[in-house]
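Engineer: First the structure, which I've put down as structure tokens, then a few questions once you've had a look.
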Amino acid sequence: MGSRALFVSALLLACCARTTLKGSVVDQHTSREETTELDFWDGLAEQRAVSNSDALHALILSFTQDDSPDHAARVLLATKRGWIRSGTEIPARETARVGWVARAVCLETGIEGGLTMRLIGPRQRYAVKELNHMRWLPEMSQNQAVSGLQLISVLSEAEDHLAGES
């Protein structure tokens with residue numbers, strides 16, 4: 001029974017771990033050429049899951065300007081903007097979670113959500129629920145990995161919202 005319990009515990013821990021990606025799109029497109037940003041978006045669209053570094057870069061490009069030389073600088077900027085809480089570990093090549101991306105989008109677009117979100121603020125869970133309700137992230141949960149197309153889609157919806165088109 002002891003070895004079986006150990007096996008089950010190890011299996012549960014493995015199931016809860018985030019996937020770490022081999023590379024990052026932003027790492028492939030770091031030059032200062034004019035086409036680099038377009039190459040980044042094209043590369044992002046092909047990703048079945050995006051890294052935290054890629055998601056941060058995309059959010060920063062969408063809502064501010066990314067002069068961040070590396071992942072650590074992007075995390076610092078994201079912390080200052082309230083996208084992630086101070087002290088939260090965001091490994092560069094780990095898959096980005098829908099929850100923190102939804103929180104960032106709600107903060108940047110001024111989406112206040114329903115009563116719960118208005119009372120306690122844009123917690124990840126409620127930010128995801130609101131973006132589900134708005135059909136920006138249909139049927140997603142806060143711990144799912146974000147694909148490149150999903151990220152581009154939600155950022156496009158946010159851009160339209162800020163322009164007054166939604």
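Just remember, in the structure tokens the first chain shown is A, the second B, etc., residues are 1-based per chain, and ligands are 1-based in the order shown.
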Need the shell around region 37-49 of chain A: protein/DNA/RNA residues with any atom at most 6 Å away, counting only C-alpha atoms. Skip same-chain ones fewer than 5 positions apart. Format as a compact mmCIF listing (two decimals) with N, CA and C atoms, in the first residue's frame?

Structural biologist:
# COMPACT_ATOMS: atom_id res chain seq x y z
N HIS A 29 12.71 36.84 -31.95
CA HIS A 29 12.49 38.10 -32.64
C HIS A 29 12.86 39.27 -31.73
N VAL A 146 -2.79 29.32 -22.60
CA VAL A 146 -3.28 30.18 -23.67
C VAL A 146 -2.55 29.84 -24.96
N SER A 147 -3.29 29.66 -26.03
CA SER A 147 -2.66 29.45 -27.34
C SER A 147 -2.37 30.82 -27.97
N GLY A 148 -1.54 30.81 -28.98
CA GLY A 148 -1.21 32.06 -29.67
C GLY A 148 -2.43 32.72 -30.28
N LEU A 149 -3.27 31.93 -30.94
CA LEU A 149 -4.48 32.50 -31.56
C LEU A 149 -5.46 33.03 -30.52

Engineer: At a cut-off of 12 Å, using only C-alpha atoms, what residues contact Ala78 (chain A)? Leave out same-chain residues fewer than 2 positions from it and give the result as a PyMOL selection string.

Structural biologist: chain A and resi 52-53+55-61+63-66+68+71-76+80-90+100-101+103-105+107-108

Engineer: Can you pull out every residue within 9 Å of Ser62 (chain A), counting only C-alpha atoms, but drop anything in the same chain fewer than 6 positions away, and send it as a short mmCIF file (atom, residue, chain, number, x, y, z; two decimals) with N, CA and C atoms, in the first residue's frame?

Structural biologist:
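Produced file result15.cif, reproduced below:
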data_model
loop_
_atom_site.label_atom_id
_atom_site.label_comp_id
_atom_site.auth_asym_id
_atom_site.auth_seq_id
_atom_site.Cartn_x
_atom_site.Cartn_y
_atom_site.Cartn_z
N LEU A 155 -6.67 39.98 -27.36
CA LEU A 155 -6.05 41.30 -27.47
C LEU A 155 -6.70 42.13 -28.57
N SER A 156 -7.15 41.48 -29.63
CA SER A 156 -7.89 42.17 -30.69
C SER A 156 -9.23 42.69 -30.17
N ALA A 158 -9.87 43.40 -27.07
CA ALA A 158 -9.55 44.48 -26.15
C ALA A 158 -9.27 45.78 -26.91
N GLU A 159 -8.55 45.67 -28.01
CA GLU A 159 -8.26 46.84 -28.84
C GLU A 159 -9.55 47.46 -29.38
#

Engineer: Which parts of region 69-146 of chain A does DSSP call helix (DSSP H, G or I) when run on the backbone here, written out as a ChimeraX atom specification?

Structural biologist: /A:71-80,98-109,115-120,124-133

Engineer: Need the shell around Val128 (chain A): protein/DNA/RNA residues with any atom at most 9 Å away, counting only C-alpha atoms. Skip same-chain ones fewer than 3 positions apart. Format as a PyMOL selection string?

Structural biologist: chain A and resi 98-103+106+123-125+131-133+137+140-142

Engineer: Let me see the file: selected residues, N, CA and C atoms, as a PDB file, in the first residue's frame.

Structural biologist:
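Now in out-v4.pdb:
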ATOM      1  N   VAL A  98      -4.446  31.397 -18.488  1.00  0.00           N
ATOM      2  CA  VAL A  98      -5.538  32.272 -18.875  1.00  0.00           C
ATOM      3  C   VAL A  98      -5.840  33.283 -17.772  1.00  0.00           C
ATOM      4  N   GLY A  99      -5.750  32.865 -16.510  1.00  0.00           N
ATOM      5  CA  GLY A  99      -6.129  33.714 -15.388  1.00  0.00           C
ATOM      6  C   GLY A  99      -5.405  35.039 -15.324  1.00  0.00           C
ATOM      7  N   TRP A 100      -4.080  35.010 -15.364  1.00  0.00           N
ATOM      8  CA  TRP A 100      -3.370  36.272 -15.231  1.00  0.00           C
ATOM      9  C   TRP A 100      -3.473  37.109 -16.497  1.00  0.00           C
ATOM     10  N   VAL A 101      -3.616  36.455 -17.647  1.00  0.00           N
ATOM     11  CA  VAL A 101      -3.813  37.196 -18.894  1.00  0.00           C
ATOM     12  C   VAL A 101      -5.166  37.917 -18.854  1.00  0.00           C
ATOM     13  N   ALA A 102      -6.208  37.226 -18.402  1.00  0.00           N
ATOM     14  CA  ALA A 102      -7.542  37.834 -18.305  1.00  0.00           C
ATOM     15  C   ALA A 102      -7.528  39.003 -17.326  1.00  0.00           C
ATOM     16  N   ARG A 103      -6.836  38.842 -16.211  1.00  0.00           N
ATOM     17  CA  ARG A 103      -6.731  39.932 -15.238  1.00  0.00           C
ATOM     18  C   ARG A 103      -6.090  41.160 -15.878  1.00  0.00           C
ATOM     19  N   CYS A 106      -8.558  42.825 -18.330  1.00  0.00           N
ATOM     20  CA  CYS A 106      -9.623  43.551 -17.619  1.00  0.00           C
ATOM     21  C   CYS A 106      -9.096  44.858 -17.023  1.00  0.00           C
ATOM     22  N   ARG A 123      -9.907  39.757  -9.667  1.00  0.00           N
ATOM     23  CA  ARG A 123      -9.190  38.520  -9.375  1.00  0.00           C
ATOM     24  C   ARG A 123      -9.210  37.668 -10.643  1.00  0.00           C
ATOM     25  N   GLN A 124      -8.219  36.808 -10.791  1.00  0.00           N
ATOM     26  CA  GLN A 124      -8.100  36.011 -12.012  1.00  0.00           C
ATOM     27  C   GLN A 124      -9.374  35.244 -12.333  1.00  0.00           C
ATOM     28  N   ARG A 125      -9.920  34.580 -11.339  1.00  0.00           N
ATOM     29  CA  ARG A 125     -11.110  33.755 -11.566  1.00  0.00           C
ATOM     30  C   ARG A 125     -12.262  34.578 -12.140  1.00  0.00           C
ATOM     31  N   LEU A 131     -14.624  37.620 -19.078  1.00  0.00           N
ATOM     32  CA  LEU A 131     -14.233  37.498 -20.486  1.00  0.00           C
ATOM     33  C   LEU A 131     -14.935  36.318 -21.155  1.00  0.00           C
ATOM     34  N   ASN A 132     -15.267  35.278 -20.381  1.00  0.00           N
ATOM     35  CA  ASN A 132     -16.109  34.192 -20.910  1.00  0.00           C
ATOM     36  C   ASN A 132     -17.487  34.739 -21.257  1.00  0.00           C
ATOM     37  N   HIS A 133     -18.059  35.499 -20.332  1.00  0.00           N
ATOM     38  CA  HIS A 133     -19.390  36.081 -20.531  1.00  0.00           C
ATOM     39  C   HIS A 133     -19.414  37.001 -21.759  1.00  0.00           C
ATOM     40  N   LEU A 137     -13.075  34.989 -24.320  1.00  0.00           N
ATOM     41  CA  LEU A 137     -12.373  33.746 -23.989  1.00  0.00           C
ATOM     42  C   LEU A 137     -13.430  32.682 -23.715  1.00  0.00           C
ATOM     43  N   MET A 140     -13.286  29.006 -21.184  1.00  0.00           N
ATOM     44  CA  MET A 140     -11.933  28.760 -20.680  1.00  0.00           C
ATOM     45  C   MET A 140     -11.929  28.920 -19.169  1.00  0.00           C
ATOM     46  N   SER A 141     -10.969  28.272 -18.525  1.00  0.00           N
ATOM     47  CA  SER A 141     -10.823  28.398 -17.077  1.00  0.00           C
ATOM     48  C   SER A 141      -9.474  29.047 -16.773  1.00  0.00           C
ATOM     49  N   GLN A 142      -9.318  29.509 -15.556  1.00  0.00           N
ATOM     50  CA  GLN A 142      -8.154  30.319 -15.209  1.00  0.00           C
ATOM     51  C   GLN A 142      -6.818  29.591 -15.284  1.00  0.00           C
TER      52      GLN A 142
END

Engineer: Which is closest to Gln150 (chain A) among A:Ala163, A:Arg118, A:Thr79, A:Arg97, if we use only C-alpha atoms?

Structural biologist: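 So, comparing all the options, the nearest one is A:Arg97.
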
Engineer: Report as a tab-separated table (two decimals) with C-alpha atoms, in the first residue's frame all protein, DNA and RNA residues lying within 7 Å of Ser24 (chain A), evaluated on only C-alpha atoms, omitting residues in the same chain fewer than 6 positions from it.

Structural biologist:
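So around_8.tsv came out as:
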chain	number	residue	atom	x	y	z
A	51	SER	CA	5.09	31.09	-22.85
A	54	ASP	CA	5.55	35.72	-25.01
A	93	ARG	CA	9.21	29.45	-20.65

Engineer: Please identify all polymer residues within 8 Å of Trp136 (chain A), counting only C-alpha atoms, omitting same-chain residues fewer than 6 positions from it, and present them as a list in words.

Structural biologist: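 Once the adjacent positions are removed, what remains is Ser153, Val154 and Glu157 of chain A.
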
Engineer: Generate a file of the selected residues that holds C-alpha atoms, formatted as a compact mmCIF listing (two decimals), in the first residue's frame.

Structural biologist:
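Output contents, as saved in again_26.txt:
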# COMPACT_ATOMS: atom_id res chain seq x y z
CA SER A 153 -8.00 37.14 -30.39
CA VAL A 154 -8.50 38.46 -26.84
CA GLU A 157 -11.19 42.27 -28.77

Engineer: Pick out the closest residue to Tyr126 (chain A) from this set: A:Leu77, A:Glu112, A:Glu139, A:Thr36. Count only C-alpha atoms.

Structural biologist: A:Glu112

Engineer: As a ChimeraX atom specification, which residues of region 7-159 of chain A does DSSP assign to strand (DSSP E or B)?

Structural biologist: /A:20,51,94-95,97,145

Engineer: In Å to one decimal, how far is CA of Leu162 (chain A) from CA of Thr109 (chain A)?

Structural biologist: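 Computing it gives 6.2 Å between the two atoms.
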